[in-house]
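Have a look at run.cif; it's mmCIF, C-alpha atoms:
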data_model
#
loop_
_atom_site.label_atom_id
_atom_site.label_comp_id
_atom_site.auth_asym_id
_atom_site.auth_seq_id
_atom_site.Cartn_x
_atom_site.Cartn_y
_atom_site.Cartn_z
CA MET A 1 -93.41 298.80 218.44
CA SER A 2 -92.29 295.94 216.26
CA PHE A 3 -91.72 292.41 217.34
CA ARG A 4 -89.30 290.01 215.84
CA ARG A 5 -89.67 286.22 216.40
CA LYS A 6 -87.00 283.74 215.50
CA LEU A 7 -87.53 279.96 215.52
CA LEU A 8 -84.39 277.96 216.15
CA SER A 9 -83.98 274.51 214.72
CA VAL A 10 -84.22 271.39 216.90
CA MET A 11 -80.86 270.09 218.00
CA ALA A 12 -80.02 266.51 219.04
CA VAL A 13 -77.08 265.99 221.36
CA PRO A 14 -76.01 262.47 222.32
CA VAL A 15 -75.46 262.05 226.04
CA LEU A 16 -74.47 258.71 227.68
CA GLY A 17 -75.80 256.62 224.84
CA ALA A 18 -79.20 258.37 224.87
CA SER A 19 -80.40 261.37 222.84
CA MET A 20 -81.23 264.65 224.53
CA LEU A 21 -83.55 266.88 222.56
CA LEU A 22 -82.84 270.55 223.11
CA ALA A 23 -85.32 273.38 222.53
CA PRO A 24 -88.18 272.01 220.47
CA GLN A 25 -89.23 275.64 220.37
CA LEU A 26 -86.97 278.51 221.47
CA ALA A 27 -88.66 281.91 221.27
CA VAL A 28 -86.84 285.24 221.64
CA ALA A 29 -88.99 288.34 221.96
CA ASP A 30 -87.58 291.85 221.28
CA THR A 31 -89.27 294.14 223.77
CA GLY A 32 -86.99 297.08 223.26
CA GLY A 33 -84.01 296.08 225.37
CA SER A 34 -85.21 293.24 227.59
CA LYS A 35 -85.34 289.63 226.34
CA ASP A 36 -87.28 286.68 227.76
CA ILE A 37 -86.13 283.20 226.75
CA ASP A 38 -88.37 280.15 227.18
CA LEU A 39 -86.37 276.90 227.09
CA LYS A 40 -87.95 273.42 227.17
CA VAL A 41 -85.71 270.31 227.47
CA THR A 42 -86.89 266.69 227.08
CA ILE A 43 -84.63 263.78 228.09
CA PRO A 44 -86.08 260.40 227.10
CA GLN A 45 -85.08 257.23 229.00
CA ALA A 46 -81.98 255.56 227.61
CA ASP A 47 -82.63 252.35 225.68
CA ALA A 48 -79.00 251.39 225.34
CA PHE A 49 -76.42 251.50 228.11
CA GLU A 50 -73.18 249.94 229.22
CA VAL A 51 -72.84 247.79 232.34
CA LYS A 52 -69.61 247.77 234.34
CA ASP A 53 -70.48 245.82 237.49
CA ALA A 54 -73.13 243.29 236.51
CA GLN A 55 -73.75 240.39 238.88
CA PHE A 56 -74.38 236.77 237.87
CA ARG A 57 -76.22 234.44 240.28
CA TRP A 58 -77.14 230.80 239.79
CA GLY A 59 -77.82 227.77 241.98
CA VAL A 60 -77.57 225.43 238.92
CA ASN A 61 -80.11 222.92 240.29
CA VAL A 62 -81.21 221.36 243.58
CA GLU A 63 -79.05 218.27 243.04
CA SER A 64 -75.93 220.47 243.06
CA ASN A 65 -76.78 221.41 246.66
CA ALA A 66 -78.42 218.23 247.94
CA GLY A 67 -77.33 215.21 249.94
CA SER A 68 -75.41 212.41 248.25
CA PHE A 69 -75.24 208.68 248.90
CA SER A 70 -71.52 209.01 249.63
CA GLY A 71 -69.37 211.93 250.75
CA ASP A 72 -72.23 213.64 252.66
CA CYS A 73 -73.41 216.04 249.92
CA ASN A 74 -72.95 217.75 246.58
CA PHE A 75 -71.90 221.40 246.74
CA LEU A 76 -70.59 224.44 244.87
CA SER A 77 -67.09 225.81 245.42
CA ALA A 78 -65.58 229.11 244.24
CA GLY A 79 -62.77 229.08 241.70
CA VAL A 80 -61.30 226.26 239.64
CA ALA A 81 -60.72 223.40 242.08
CA ALA A 82 -57.13 222.18 242.20
CA ASP A 83 -56.07 218.65 241.35
CA ALA A 84 -56.98 216.28 244.18
CA GLY A 85 -54.68 213.65 242.68
CA ALA A 86 -57.37 210.97 242.83
CA SER A 87 -61.08 210.42 243.16
CA LYS A 88 -61.59 210.95 246.89
CA VAL A 89 -63.81 212.75 249.36
CA TRP A 90 -62.44 216.20 250.14
CA LYS A 91 -61.16 217.09 253.57
CA GLN A 92 -60.89 220.65 254.83
CA SER A 93 -57.13 220.21 255.20
CA ASP A 94 -56.87 219.50 251.45
CA GLY A 95 -57.48 223.18 250.76
CA LEU A 96 -59.62 222.38 247.70
CA TYR A 97 -62.83 224.03 248.91
CA LYS A 98 -63.16 227.82 248.56
CA THR A 99 -65.87 230.19 249.71
CA SER A 100 -64.53 232.96 247.47
CA ASP A 101 -62.01 233.32 244.65
CA GLY A 102 -61.45 236.56 242.73
CA ASN A 103 -64.82 237.93 241.58
CA THR A 104 -66.60 234.73 242.63
CA ARG A 105 -68.14 233.71 245.93
CA ILE A 106 -70.66 231.11 247.13
CA GLU A 107 -73.65 232.41 249.08
CA LYS A 108 -76.49 230.59 250.80
CA PRO A 109 -79.54 231.64 252.84
CA ASN A 110 -79.19 231.83 256.61
CA ALA A 111 -81.78 231.47 259.37
CA ALA A 112 -82.42 235.23 259.32
CA GLY A 113 -83.52 235.10 255.67
CA LYS A 114 -80.40 236.87 254.43
CA TRP A 115 -77.69 235.92 251.99
CA ALA A 116 -74.46 234.88 253.72
CA ASP A 117 -71.15 233.41 252.59
CA ALA A 118 -71.07 229.63 252.59
CA SER A 119 -68.39 227.82 254.58
CA TRP A 120 -66.82 224.42 254.85
CA GLU A 121 -68.81 223.78 258.01
CA ASN A 122 -72.24 224.67 256.57
CA LYS A 123 -71.86 223.61 252.94
CA CYS A 124 -74.18 220.61 253.54
CA LEU A 125 -76.68 222.45 255.76
CA ASP A 126 -79.82 224.35 254.80
CA ALA A 127 -80.82 227.69 256.33
CA ASN A 128 -82.21 225.93 259.42
CA GLY A 129 -79.06 223.90 260.02
CA ARG A 130 -80.53 220.66 258.68
CA ASN A 131 -78.18 218.32 256.88
CA VAL A 132 -79.59 218.02 253.35
CA GLY A 133 -80.75 214.60 252.21
CA THR A 134 -81.74 212.63 249.12
CA LEU A 135 -85.54 212.35 249.32
CA LEU A 136 -87.89 213.50 246.56
CA THR A 137 -88.87 216.36 248.84
CA GLU A 138 -85.31 217.67 249.21
CA THR A 139 -84.86 221.36 248.35
CA GLY A 140 -81.11 221.58 249.00
CA THR A 141 -79.04 224.20 250.77
CA GLY A 142 -80.18 227.01 248.46
CA ALA A 143 -76.55 227.93 247.69
CA GLN A 144 -75.78 230.06 244.65
CA VAL A 145 -72.61 230.98 242.80
CA VAL A 146 -72.20 234.77 242.61
CA ILE A 147 -69.84 236.43 240.11
CA ASP A 148 -69.42 240.22 240.16
CA LYS A 149 -67.90 242.84 237.84
CA GLY A 150 -69.58 241.74 234.63
CA VAL A 151 -69.09 244.15 231.71
CA GLY A 152 -71.01 244.61 228.49
CA LYS A 153 -73.91 246.41 226.84
CA VAL A 154 -77.68 246.21 227.00
CA ASP A 155 -79.98 247.64 224.31
CA ALA A 156 -83.61 247.25 225.36
CA ALA A 157 -84.93 248.86 222.18
CA LYS A 158 -83.20 246.29 219.99
CA GLY A 159 -83.71 243.47 222.50
CA THR A 160 -80.02 242.64 222.62
CA ALA A 161 -77.48 242.24 225.39
CA GLU A 162 -73.98 240.89 225.83
CA ILE A 163 -72.32 240.63 229.24
CA SER A 164 -69.18 238.74 230.24
CA TRP A 165 -67.68 237.87 233.61
CA LYS A 166 -64.20 236.90 234.81
CA GLY A 167 -64.71 234.25 237.44
CA SER A 168 -64.95 230.50 238.02
CA PHE A 169 -66.78 227.95 240.14
CA SER A 170 -66.66 224.19 240.64
CA LEU A 171 -69.46 221.64 240.82
CA VAL A 172 -68.46 219.06 243.42
CA PHE A 173 -70.44 215.81 243.70
CA TYR A 174 -70.19 213.00 246.23
CA GLY A 175 -68.11 215.16 248.52
CA GLY A 176 -65.33 215.38 245.92
CA LEU A 177 -65.27 211.94 244.28
CA THR A 178 -66.08 213.75 241.05
CA TYR A 179 -65.88 217.47 240.23
CA TRP A 180 -65.37 219.92 237.38
CA SER A 181 -65.33 223.69 236.85
CA LEU A 182 -66.81 226.46 234.72
CA SER A 183 -64.97 229.71 233.98
CA ASP A 184 -65.73 233.15 232.54
CA PRO A 185 -69.45 233.00 231.65
CA VAL A 186 -70.71 235.00 228.67
CA LEU A 187 -74.35 236.00 228.16
CA LYS A 188 -75.72 236.82 224.72
CA VAL A 189 -79.33 237.86 224.17
CA SER A 190 -81.17 238.55 220.92
CA GLY A 191 -84.81 238.37 219.91
CA GLY A 192 -86.06 237.42 223.36
CA LYS A 193 -83.75 234.40 223.62
CA GLY A 194 -80.33 233.98 225.15
CA THR A 195 -77.35 231.69 225.62
CA LEU A 196 -74.83 231.34 228.42
CA THR A 197 -71.44 229.88 227.53
CA ALA A 198 -68.33 229.20 229.62
CA THR A 199 -65.07 227.26 229.61
CA ALA A 200 -65.32 223.79 231.17
CA SER A 201 -62.36 222.05 232.84
CA GLY A 202 -61.98 219.16 235.21
CA TYR A 203 -60.82 215.61 235.78
CA ALA A 204 -61.88 212.28 234.36
CA ALA A 205 -63.06 209.83 237.00
CA ASP A 206 -63.64 206.15 236.26
CA ARG A 207 -66.82 204.49 237.55
CA ILE A 208 -65.09 201.14 238.01
CA ASP A 209 -61.55 202.05 239.03
CA THR A 210 -61.18 205.05 241.35
CA THR A 211 -57.40 204.99 240.92
CA LYS A 212 -57.86 206.36 237.39
CA TRP A 213 -57.71 210.15 237.43
CA ASN A 214 -56.83 212.25 234.38
CA LYS A 215 -57.00 215.94 233.61
CA LEU A 216 -59.54 216.80 230.92
CA GLU A 217 -58.91 219.25 228.11
CA SER A 218 -60.63 222.61 228.61
CA LYS A 219 -63.54 223.27 226.29
CA THR A 220 -66.06 226.05 225.69
CA ILE A 221 -69.56 224.68 226.27
CA VAL A 222 -73.13 225.97 226.45
CA MET A 223 -74.01 226.45 230.12
CA ALA A 224 -77.64 227.22 229.48
CA GLU A 225 -80.11 227.86 226.68
CA LEU A 226 -82.48 230.66 227.71
CA PRO A 227 -85.70 230.41 225.68
CA LYS A 228 -87.42 233.41 227.29
CA VAL A 229 -85.39 236.49 228.21
CA SER A 230 -86.85 239.87 229.10
CA LEU A 231 -84.42 242.76 229.51
CA GLY A 232 -85.83 244.28 232.69
CA LYS A 233 -85.15 247.66 234.20
CA ASN A 234 -82.74 246.35 236.83
CA GLY A 235 -81.73 243.04 235.34
CA ILE A 236 -82.80 239.64 234.09
CA VAL A 237 -84.55 236.69 235.72
CA THR A 238 -84.78 233.74 233.37
CA THR A 239 -85.32 229.99 233.47
CA PRO A 240 -82.83 227.81 231.56
CA ALA A 241 -84.29 225.20 229.23
CA TYR A 242 -84.42 221.75 230.81
CA LYS A 243 -87.92 220.28 230.97
CA GLY A 244 -88.86 218.63 227.71
CA VAL A 245 -85.31 218.90 226.28
CA GLU A 246 -84.42 215.63 224.55
CA ILE A 247 -80.99 214.08 224.47
CA ASP A 248 -79.92 210.89 222.69
CA GLY A 249 -76.84 208.72 222.64
CA VAL A 250 -76.37 208.67 226.42
CA GLU A 251 -76.06 205.74 228.81
CA PRO A 252 -78.29 205.12 230.62
CA ALA A 253 -80.85 206.33 228.09
CA GLN A 254 -82.93 209.37 228.89
CA SER A 255 -86.17 208.68 230.76
CA ARG A 256 -89.14 210.69 229.49
CA GLU A 257 -91.86 209.42 231.79
CA GLN A 258 -92.16 211.96 234.62
CA SER A 259 -93.35 215.54 234.21
CA TRP A 260 -89.89 216.87 235.10
CA TRP A 261 -87.96 214.92 232.45
CA GLY A 262 -85.41 216.84 230.43
CA SER A 263 -81.74 217.68 230.06
CA PHE A 264 -79.03 220.30 230.39
CA PRO A 265 -77.44 221.38 227.07
CA GLU A 266 -75.86 218.62 225.00
CA ASP A 267 -72.37 220.18 225.40
CA TRP A 268 -72.76 220.06 229.18
CA VAL A 269 -73.90 216.44 229.28
CA GLU A 270 -71.26 215.29 226.78
CA TYR A 271 -68.44 216.86 228.81
CA ASN A 272 -69.65 215.12 231.94
CA GLN A 273 -69.56 211.68 230.36
CA SER A 274 -65.90 211.78 231.38
CA THR A 275 -66.19 213.44 234.80
CA GLY A 276 -68.40 210.67 236.22
CA GLN A 277 -71.42 213.01 236.46
CA GLY A 278 -72.94 212.23 233.07
CA SER A 279 -76.34 210.91 234.14
CA TYR A 280 -76.75 213.61 236.78
CA TRP A 281 -77.49 216.27 234.16
CA TYR A 282 -80.48 214.66 232.45
CA SER A 283 -83.44 212.52 233.49
CA SER A 284 -82.05 208.99 233.68
CA GLY A 285 -84.99 207.35 235.45
CA GLY A 286 -83.38 207.49 238.89
CA ALA A 287 -84.73 208.79 242.17
CA ALA A 288 -82.71 212.00 241.81
CA ASP A 289 -84.37 213.08 238.55
CA VAL A 290 -86.71 215.57 240.19
CA ARG A 291 -83.70 217.42 241.66
CA LYS A 292 -81.89 217.75 238.32
CA VAL A 293 -84.16 220.45 236.87
CA ALA A 294 -82.25 223.70 236.21
CA THR A 295 -83.04 226.61 238.53
CA ASP A 296 -83.45 230.27 237.56
CA VAL A 297 -80.55 232.51 236.54
CA TYR A 298 -80.43 236.02 238.06
CA ILE A 299 -78.44 238.84 236.44
CA ASN A 300 -78.25 242.31 238.01
CA TYR A 301 -77.06 245.22 235.87
CA THR A 302 -75.76 246.83 239.07
CA GLN A 303 -75.39 245.51 242.59
CA GLU A 304 -77.36 248.47 243.96
CA ASN A 305 -80.55 247.45 242.13
CA SER A 306 -80.84 243.71 242.56
CA VAL A 307 -83.48 241.52 240.95
CA ILE A 308 -83.08 239.07 243.86
CA ALA A 309 -82.88 241.09 247.06
CA THR A 310 -83.57 238.26 249.51
CA PRO A 311 -83.15 234.49 249.37
CA ILE A 312 -86.06 232.65 247.81
CA PRO A 313 -86.62 228.89 247.60
CA PRO A 314 -86.43 227.15 244.22
CA LYS A 315 -89.63 227.08 242.22
CA THR A 316 -91.35 223.74 242.47
CA SER A 317 -92.32 221.05 240.02
CA THR A 318 -94.77 218.31 241.01
CA GLU A 319 -95.69 214.99 239.52
CA GLU A 320 -99.30 216.11 239.21
CA GLU A 321 -98.48 218.82 236.64
CA SER A 322 -100.77 218.83 233.61
CA ALA A 323 -99.68 216.50 230.83
CA ASP A 324 -100.27 219.21 228.21
CA GLU A 325 -98.13 221.77 230.05
CA ASP A 326 -95.78 223.78 227.85
CA HIS A 327 -92.33 222.39 228.69
CA THR A 328 -90.37 224.77 226.47
CA ASP A 329 -89.69 227.30 229.22
CA GLY A 330 -87.50 224.99 231.28
CA GLY A 331 -87.87 223.77 234.84
CA THR A 332 -87.05 225.54 238.02
CA GLY A 333 -86.56 223.26 240.98
CA ALA A 334 -87.54 220.21 242.94
CA VAL A 335 -90.77 219.12 244.52
CA THR A 336 -91.35 220.40 248.01
CA GLN A 337 -93.93 217.71 248.59
CA ASP A 338 -93.71 213.97 248.06
CA PRO A 339 -96.46 212.93 245.58
CA GLU A 340 -97.09 209.90 247.78
CA ASN A 341 -97.44 212.01 250.91
CA SER A 342 -99.31 215.28 250.57
CA GLY A 343 -98.79 216.08 254.21
CA GLY A 344 -95.81 218.35 253.66
CA THR A 345 -92.05 218.50 253.42
CA ASN A 346 -90.01 216.02 255.43
CA ASN A 347 -86.69 217.04 256.91
CA VAL A 348 -84.84 213.73 256.85
CA THR A 349 -81.09 213.40 257.04
CA PRO A 350 -79.30 210.67 255.08
CA GLY A 351 -79.35 207.33 256.85
CA ALA A 352 -82.13 208.14 259.30
CA ALA A 353 -85.88 208.76 259.46
CA SER A 354 -87.30 211.76 261.27
CA ALA A 355 -90.21 211.49 263.67
CA GLY A 356 -92.57 212.82 261.03
CA SER A 357 -91.33 210.93 258.01
CA PRO A 358 -93.74 209.01 255.72
CA VAL A 359 -92.14 205.72 256.79
CA GLN A 360 -92.84 206.29 260.47
CA GLN A 361 -96.32 207.61 259.72
CA LEU A 362 -97.01 204.39 257.82
CA VAL A 363 -95.77 202.30 260.75
CA GLN A 364 -97.84 204.29 263.21
CA GLN A 365 -100.97 203.92 261.09
CA ALA A 366 -100.36 200.18 260.70
CA LEU A 367 -99.96 199.73 264.44
CA GLU A 368 -103.01 201.82 265.27
CA SER A 369 -105.13 199.78 262.85
CA VAL A 370 -104.43 196.46 264.56
CA LEU A 371 -103.77 197.33 268.20
CA PRO A 372 -106.35 198.28 270.79
CA ALA A 373 -106.54 201.93 271.71
CA SER A 374 -105.13 201.14 275.16
CA ALA A 375 -101.92 199.67 273.74
CA VAL A 376 -98.86 201.79 274.47
CA LEU A 377 -95.71 201.36 272.42
CA PRO A 378 -93.13 203.76 273.82
CA GLY A 379 -90.13 204.29 271.59
CA VAL A 380 -91.43 202.53 268.49
CA GLY A 381 -90.38 205.45 266.31
CA THR A 382 -86.95 205.49 267.91
CA THR A 383 -86.36 201.76 267.54
CA LEU A 384 -87.06 202.04 263.83
CA LEU A 385 -84.19 204.45 263.31
CA GLU A 386 -81.39 201.99 263.96
CA PRO A 387 -82.36 199.22 261.48
CA MET A 388 -83.25 201.84 258.87
CA ALA A 389 -79.88 203.55 259.31
CA LEU A 390 -78.14 200.17 259.02
CA THR A 391 -80.07 199.39 255.84
CA THR A 392 -79.12 202.74 254.35
CA SER A 393 -75.47 202.17 255.23
CA ALA A 394 -75.60 198.75 253.61
CA ILE A 395 -77.05 200.26 250.45
CA ASN A 396 -74.34 202.92 250.42
CA TRP A 397 -71.53 200.44 250.99
CA VAL A 398 -71.06 198.49 247.79
CA GLY A 399 -67.31 198.33 247.34
CA LYS A 400 -64.99 201.22 246.60
CA SER A 401 -65.96 201.89 243.00
CA LEU A 402 -67.18 205.35 242.01
CA ILE A 403 -70.92 205.40 241.40
CA PRO A 404 -71.02 201.89 239.86
CA GLU A 405 -74.04 200.97 237.79
CA ALA A 406 -75.18 198.36 240.32
CA LEU A 407 -75.08 200.92 243.12
CA GLU A 408 -76.98 203.42 241.00
CA ARG A 409 -79.77 200.91 240.43
CA VAL A 410 -79.91 200.02 244.12
CA LYS A 411 -80.08 203.70 245.05
CA ASP A 412 -82.89 204.25 242.58
CA TYR A 413 -84.96 201.77 244.59
CA LYS A 414 -83.72 202.84 247.99
CA GLU A 415 -87.04 204.46 248.85
CA PRO A 416 -89.16 201.34 248.08
CA LEU A 417 -86.65 199.21 249.99
CA LEU A 418 -87.01 201.38 253.08
CA TRP A 419 -90.79 201.35 252.80
CA SER A 420 -90.73 197.54 252.56
CA LEU A 421 -88.45 197.39 255.59
CA ALA A 422 -90.84 199.66 257.47
CA GLY A 423 -93.72 197.32 256.69
CA LEU A 424 -91.78 194.31 257.94
CA LEU A 425 -90.81 196.19 261.09
CA ALA A 426 -94.44 197.16 261.65
CA LEU A 427 -95.59 193.56 261.38
CA GLY A 428 -92.71 192.46 263.62
CA SER A 429 -93.66 195.06 266.22
CA VAL A 430 -97.29 193.95 266.13
CA ALA A 431 -96.27 190.30 266.54
CA TRP A 432 -93.92 191.11 269.42
CA VAL A 433 -96.59 193.07 271.28
CA GLY A 434 -99.22 190.43 270.48
CA PHE A 435 -97.22 187.52 271.87
CA ARG A 436 -96.13 189.53 274.91
CA HIS A 437 -99.71 190.42 275.85
CA GLY A 438 -101.16 187.05 274.95
CA TRP A 439 -103.19 188.33 272.01
CA LEU A 440 -101.30 185.94 269.74
CA VAL A 441 -100.08 182.38 270.40
CA TRP A 442 -97.69 180.11 268.53
CA PRO A 443 -99.63 177.52 266.46
CA PHE A 444 -97.55 174.64 267.85
CA SER A 445 -97.91 175.69 271.47
CA SER A 446 -100.49 174.05 273.77
CA LYS A 447 -101.83 174.79 277.19
CA LYS A 448 -102.48 171.99 279.68
#
Starting from the file, lay out its structure as structure tokens.
Amino acid sequence: MSFRRKLLSVMAVPVLGASMLLAPQLAVADTGGSKDIDLKVTIPQADAFEVKDAQFRWGVNVESNAGSFSGDCNFLSAGVAADAGASKVWKQSDGLYKTSDGNTRIEKPNAAGKWADASWENKCLDANGRNVGTLLTETGTGAQVVIDKGVGKVDAAKGTAEISWKGSFSLVFYGGLTYWSLSDPVLKVSGGKGTLTATASGYAADRIDTTKWNKLESKTIVMAELPKVSLGKNGIVTTPAYKGVEIDGVEPAQSREQSWWGSFPEDWVEYNQSTGQGSYWYSSGGAADVRKVATDVYINYTQENSVIATPIPPKTSTEEESADEDHTDGGTGAVTQDPENSGGTNNVTPGAASAGSPVQQLVQQALESVLPASAVLPGVGTTLLEPMALTTSAINWVGKSLIPEALERVKDYKEPLLWSLAGLLALGSVAWVGFRHGWLVWPFSSKK
């Protein structure tokens, strides 16, 4: 009996952007009528593929979702905000704020640890219902802009990607006194680095005269430089450049003293010189600098396989970071702990001090150091709230001008002012108790 063996050539058939190798070895044996065929198929993982419903997520930075010295807070709004007609704090009845618009929506963490749509009522509240404030320890509401239906192509083998979205969002500061919008983001990645661009639009607000209000010309700007981009299996998590990024020709000049100093892209900062938000996108030496650091960008190739399944707090940056730290990878959030108070995060609303704030702790320690253990001072913490709230209101109320330079400087030193006030109140409380109990006497008084 003779046998005849035939070796078929290897065939490559493209399927869905990948290559499917058919029959590396196909053997046919003649056994006199019956034939056995052994077929082996190998399908390697695709390196290049198209995306049709990519999702873009970004919280921009903590300052975009933190308390403000006027207008309650800064917040994100879906869509391109309409013309308010003037620099003014938004009201719900104005219809300017949007939770969703087209492919865009604003989401924030809720108390259950889930993502939920933001609303007018909770736009200034964190997941626990706390009104966000302006302290160094502030972590913001955690809100993110979400844009769906991104289309493009990813090629992991070549290290390239290009994805574009149709959607817009607005960055609203001081409750609406100043705002602008970004539309249709485009991501381009090559060689492990990436860039996000978008079209900026908005309104020019004057720092001195709030009656001045002019529409700005739309312009394509760089949203974010991405120095380290890895094309993951399900998507991309990357930190925009901020920390260590220098910018010149701005007023006030960039401060480069703290470990979190840096800047958003030059295009971004330049555009905001007209919106009234210029110094809020780079380290200007103010108290808000720690909250300006850009937070991570999350991009999902599909909504089914998310790279950010549950809400997570911003990464932190502390003043004690090593001086020789590599700052080229950008920053990712705000401190969760005041460098001057390592006891933990303080939930303090604007214009008031909570029972566990550093100011009240200082007062309590001062009182305990000079008063006998038997001394009882009921309500000391409560009585401190009113003068502190009044002081904060006085600092906030400096005419009607939009973020004037004088007000900015006062706000930069708001924290030291409150600490000084706390010290005076502590001494006043000690004196009041001392005179009342006879521990202290007036120098000009005499007893017969």
Problem - Distance in Å - CA of Ile221 in chain A versus CA of Lys153 in chain A - result: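 Computing it gives 22.2 Å between the two atoms.
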Exercise for the section: Kindly resolve the PyMOL selection byres ((chain A and resi 276) around 10) on the present coordinates and return the residues as a list in words. Expected result: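 Taken over the shown coordinates, the PyMOL selection byres ((chain A and resi 276) around 10) returns Phe173, Leu177, Thr178, Tyr179, Trp180, Tyr203, Ala204, Ala205, Asp206, Arg207, Tyr271, Asn272, Gln273, Ser274, Thr275, Gln277, Gly278, Ser279, Tyr280, Leu402, Ile403 and Pro404 of chain A.
Interatomic distance, CA of Gln144 in chain A to CA of Val237 in chain A: 14.2 Å.
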Problem - Selection near range 301-306 of chain A, 9 Å with only C-alpha atoms, sequence-local residues under 2 positions removed, as a PyMOL selection string - result: chain A and resi 51-55+148-150+154+233-236+298-299+308-309
I want to know what sits within 10 Å of Asp267 in chain A, based on all atoms listed in the file, with residues of the same chain fewer than 3 positions away left out; could you give that as a PDB file with C-alpha atoms, in the coordinates of the input?
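The resulting result26.pdb:
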ATOM      1  CA  THR A 197     -71.440 229.880 227.530  1.00  0.00           C
ATOM      2  CA  ALA A 200     -65.320 223.790 231.170  1.00  0.00           C
ATOM      3  CA  LYS A 219     -63.540 223.270 226.290  1.00  0.00           C
ATOM      4  CA  THR A 220     -66.060 226.050 225.690  1.00  0.00           C
ATOM      5  CA  ILE A 221     -69.560 224.680 226.270  1.00  0.00           C
ATOM      6  CA  VAL A 222     -73.130 225.970 226.450  1.00  0.00           C
ATOM      7  CA  MET A 223     -74.010 226.450 230.120  1.00  0.00           C
ATOM      8  CA  ALA A 224     -77.640 227.220 229.480  1.00  0.00           C
ATOM      9  CA  PHE A 264     -79.030 220.300 230.390  1.00  0.00           C
ATOM     10  CA  GLU A 270     -71.260 215.290 226.780  1.00  0.00           C
ATOM     11  CA  TYR A 271     -68.440 216.860 228.810  1.00  0.00           C
ATOM     12  CA  ASN A 272     -69.650 215.120 231.940  1.00  0.00           C
TER      13      ASN A 272
END
Problem - Explicit residue set for the PyMOL selection byres ((chain A and resi 73) around 8), as a list in words - result: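 Residues picked by the PyMOL selection byres ((chain A and resi 73) around 8): Asn65, Ala66, Gly67, Ser68, Phe69, Ser70, Gly71, Asp72, Asn74, Phe75, Cys124, Val132, Gly133, Phe173, Tyr174 and Gly175 of chain A.
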Deliver the residues from the most recent selection as a file, using C-alpha atoms, as a PDB file, in the frame of the given file.
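What landed in again05.pdb:
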ATOM      1  CA  ASN A  65     -76.780 221.410 246.660  1.00  0.00           C
ATOM      2  CA  ALA A  66     -78.420 218.230 247.940  1.00  0.00           C
ATOM      3  CA  GLY A  67     -77.330 215.210 249.940  1.00  0.00           C
ATOM      4  CA  SER A  68     -75.410 212.410 248.250  1.00  0.00           C
ATOM      5  CA  PHE A  69     -75.240 208.680 248.900  1.00  0.00           C
ATOM      6  CA  SER A  70     -71.520 209.010 249.630  1.00  0.00           C
ATOM      7  CA  GLY A  71     -69.370 211.930 250.750  1.00  0.00           C
ATOM      8  CA  ASP A  72     -72.230 213.640 252.660  1.00  0.00           C
ATOM      9  CA  ASN A  74     -72.950 217.750 246.580  1.00  0.00           C
ATOM     10  CA  PHE A  75     -71.900 221.400 246.740  1.00  0.00           C
ATOM     11  CA  CYS A 124     -74.180 220.610 253.540  1.00  0.00           C
ATOM     12  CA  VAL A 132     -79.590 218.020 253.350  1.00  0.00           C
ATOM     13  CA  GLY A 133     -80.750 214.600 252.210  1.00  0.00           C
ATOM     14  CA  PHE A 173     -70.440 215.810 243.700  1.00  0.00           C
ATOM     15  CA  TYR A 174     -70.190 213.000 246.230  1.00  0.00           C
ATOM     16  CA  GLY A 175     -68.110 215.160 248.520  1.00  0.00           C
TER      17      GLY A 175
END
Practice task
State, in Å with one decimal place, the distance from CA of Ala82 in chain A to CA of Ala118 in chain A.
Solution key: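 The value is 18.9 Å.
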Handout entry: Shell of 9 Å around range 160-162 of chain A, only C-alpha atoms, local chain residues under 5 positions omitted, as JSON, numbers by chain
Key = {"A": [151, 152, 153, 154, 155, 186, 187, 188, 189, 190, 191, 192, 194, 231]}
Handout entry: Chain and number of each residue from the PyMOL selection byres ((chain A and resi 85-93) around 6), as a PyMOL selection string
Key = chain A and resi 71+83-84+94-95+175-177+210+213
